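K.L.:
First the structure, which I've put down as structure tokens, then a few questions once you've had a look.
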2 protein chains.
Amino acid sequence: MSRTRVLDIDKAVHTAMNLFWRKGYDQTSLAELTAEMGVTPPSFYFAFASKDNLFRKVVDYYASNYLAFMNEALLKPTARKVAETILFGCVEAYTRSGMPPGCLIVNNSMPCADDALEIRRELSQARDVRFKQLRKRFRDAKAAGDLPIDSDPAELARYLMSLRWGMAIEAQSGATRRDLEKIAERALQAWPA
Amino acid sequence: MSRTRVLDIDKAVHTAMNLFWRKGYDQTSLAELTAEMGVTPPSFYFAFASKDNLFRKVVDYYASNYLAFMNEALLKPTARKVAETILFGCVEAYTRSGMPPGCLIVNNSMPCADDALEIRRELSQARDVRFKQLRKRFRDAKAAGDLPIDSDPAELARYLMSLRWGMAIEAQSGATRRDLEKIAERALQAWPA
DNA sequence: GTTTAAATATAGCGTTCGCTATATTTAAAG
DNA sequence: CTTTAAATATAGCGAACGCTATATTTAAAC
């Protein structure tokens, strides 16, 4: 006994997911959310109560549709299969074509994707410089016979960079120095002879 | 031929570094910066021109004082030494006592530390849940003889989580699916037999 | 002492933000 | 048709933000 909805909730959540994924929570304004949804703020608030609440819905939606492998992994028969499922699950989830790269959760522990702030673009460039420095160093090492002939300098450089980001986040969320040392030691076991 | 400074530039940069490190660029307001520095906004702007510009100074300061190992690493004689220097350099840099945990750069590709936003705290809790699920799974595996008797379920869980964050950031900054696959494959080489 | 300009303080501008008081439309129920 | 309430739109509030126009203090130069 009322007016018919023009706001499709499911579609709106999906739209919001894309925005939050690409731009991060803070950089996605209500103006942009409502514009993309094709409604005015009161409709938005009638449907979602608050930006916070919508974000929670989005995270749930994302987790069940894009991170399902995390739960499936726990059911695998061997520990190694668990690890494989998680790692290759991430590979797929973070690089789905048509979807923003990376992880909505991580991106919203950290914004910046196509960030408006020039500073973050500069940080991103600095990351790339580091990567290229490392790659060059490992190319030289390979040329000098210090790395196997079949090793891939770019791959090794990216492996290290990736561990760096991972350790930084672990540290920030409470890992101790000993915890990080173990990660480093473990990672080095995969280093080419 | 002028008034003497009350604002100590070096000290102010250090103060700002701590704030940006802990809270992130966005969540650190000018009001907080000027309050901690003990000056009013015009003094701040006379000294630093803008918040952006101060942040740049802070990043430079941080990189040369806390990430010097990255440059030193490139000079090491072997590729393995390069890797070791970087990994253990991170361990130290990200867990210095008296300093905020984690990395100022990564934290400012991602805020949240003691973030005011409840949402981010929830995300952080969700991370912890994932970690504990994994640890439990690996404890079970160890009990079942599927993992070596000397293996550490918590360490393996954290290793995987860390790789997850790392891959997410790599993906977001442009790594391809093949790039991530290589990281995953490399990481699995360190998995206990 | 007067001048000069570097360094500070007072007060507030202009913008954007998340959000809402209020009013209006619209479909079903009677 | 009228009533009812769900769903929308208009218009704008209050707060926080980065930043600044303007005025004042203060040490060195002459």
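Naming works like this for the structure tokens: A, B, ... for the chains as they're shown, residue 1 at the start of each chain, ligands 1 onward in shown order.
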Pick out the chain D residues within 7 Å of chain B. Count only C-alpha atoms (C1' of nucleotides). Give them as a list of chain:residue names.
P.N.:
D:DT26, D:DA27, D:DA28, D:DA29
K.L.:
Include N, CA and C atoms (P, O5', C5', C4', C3', O3' and C1' of nucleotides) and write out the residues we just selected as a tab-separated table (two decimals), in the first residue's frame.
P.N.:
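Dumped everything to again-v1.tsv:
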```tsv
chain	number	residue	atom	x	y	z
D	26	DT	P	56.43	40.48	22.01
D	26	DT	O5'	57.71	40.43	21.06
D	26	DT	C5'	58.02	39.24	20.35
D	26	DT	C4'	59.21	39.46	19.45
D	26	DT	C3'	60.36	40.23	20.10
D	26	DT	O3'	61.58	39.56	19.79
D	26	DT	C1'	59.83	41.18	18.03
D	27	DA	P	62.57	39.19	21.00
D	27	DA	O5'	64.00	39.27	20.31
D	27	DA	C5'	64.34	38.32	19.34
D	27	DA	C4'	64.85	39.00	18.08
D	27	DA	C3'	66.18	39.73	18.23
D	27	DA	O3'	67.14	39.12	17.39
D	27	DA	C1'	64.63	41.02	16.98
D	28	DA	P	68.69	39.25	17.71
D	28	DA	O5'	69.20	40.10	16.47
D	28	DA	C5'	69.24	39.51	15.18
D	28	DA	C4'	69.04	40.58	14.13
D	28	DA	C3'	70.24	41.51	13.90
D	28	DA	O3'	70.63	41.43	12.55
D	28	DA	C1'	68.23	42.75	14.06
D	29	DA	P	71.92	42.23	12.04
D	29	DA	O5'	71.33	43.55	11.38
D	29	DA	C5'	70.43	43.43	10.28
D	29	DA	C4'	70.23	44.78	9.62
D	29	DA	C3'	71.52	45.59	9.46
D	29	DA	O3'	71.45	46.33	8.23
D	29	DA	C1'	70.00	46.77	10.87
```
K.L.:
Using only C-alpha atoms (C1' of nucleotides), which protein or nucleic acid residues come within 12 Å of DA11 of chain D? Drop anything in the same chain fewer than 4 positions from it, and give the result as number ranges by chain.
P.N.:
A: 40-42; C: 20-23
K.L.:
Should the cut-off be 6 Å, what would the residue list for chain B against chain A look like, counting only C-alpha atoms, as a ChimeraX atom specification?
P.N.:
/B:87,91,95,101-103,109-111,159,162-163,165-168,171-172,177,180,183-184,189-190
K.L.:
For chain B, which residue out of C:DA9, C:DG30, C:DT25, C:DG18 is the nearest one, using only C-alpha atoms (C1' of nucleotides)?
P.N.:
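That would be C:DA9, the residue with the smallest distance to chain B.
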K.L.:
Show me, as a PyMOL selection string, the residues of chain C whose atoms get within 10 Å of chain A, using only C-alpha atoms (C1' of nucleotides) for the distance check.
P.N.:
chain C and resi 16-20+25-29
K.L.:
Based on the backbone DSSP call, show me all residues of segment 5-193 of chain B assigned alpha helix (DSSP H), as an MDAnalysis selection string.
P.N.:
chainID B and resid 9:23 30:37 41:48 51:66 68:74 79:93 104:109 118:143 153:172 177:188
K.L.:
What separation in Å, quoted to one decimal, exists between atom CA of Met17 of chain A and atom CA of Val58 of chain A?
P.N.:
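For atom CA of Met17 of chain A relative to atom CA of Val58 of chain A, the distance reads 5.5 Å.
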K.L.:
Which one is closest to DT8 of chain D: A:Ala12, A:Thr34, A:Ser43, A:Leu19? Count only C-alpha atoms (C1' of nucleotides).
P.N.:
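Among the listed residues, the smallest separation from DT8 of chain D belongs to A:Ser43.
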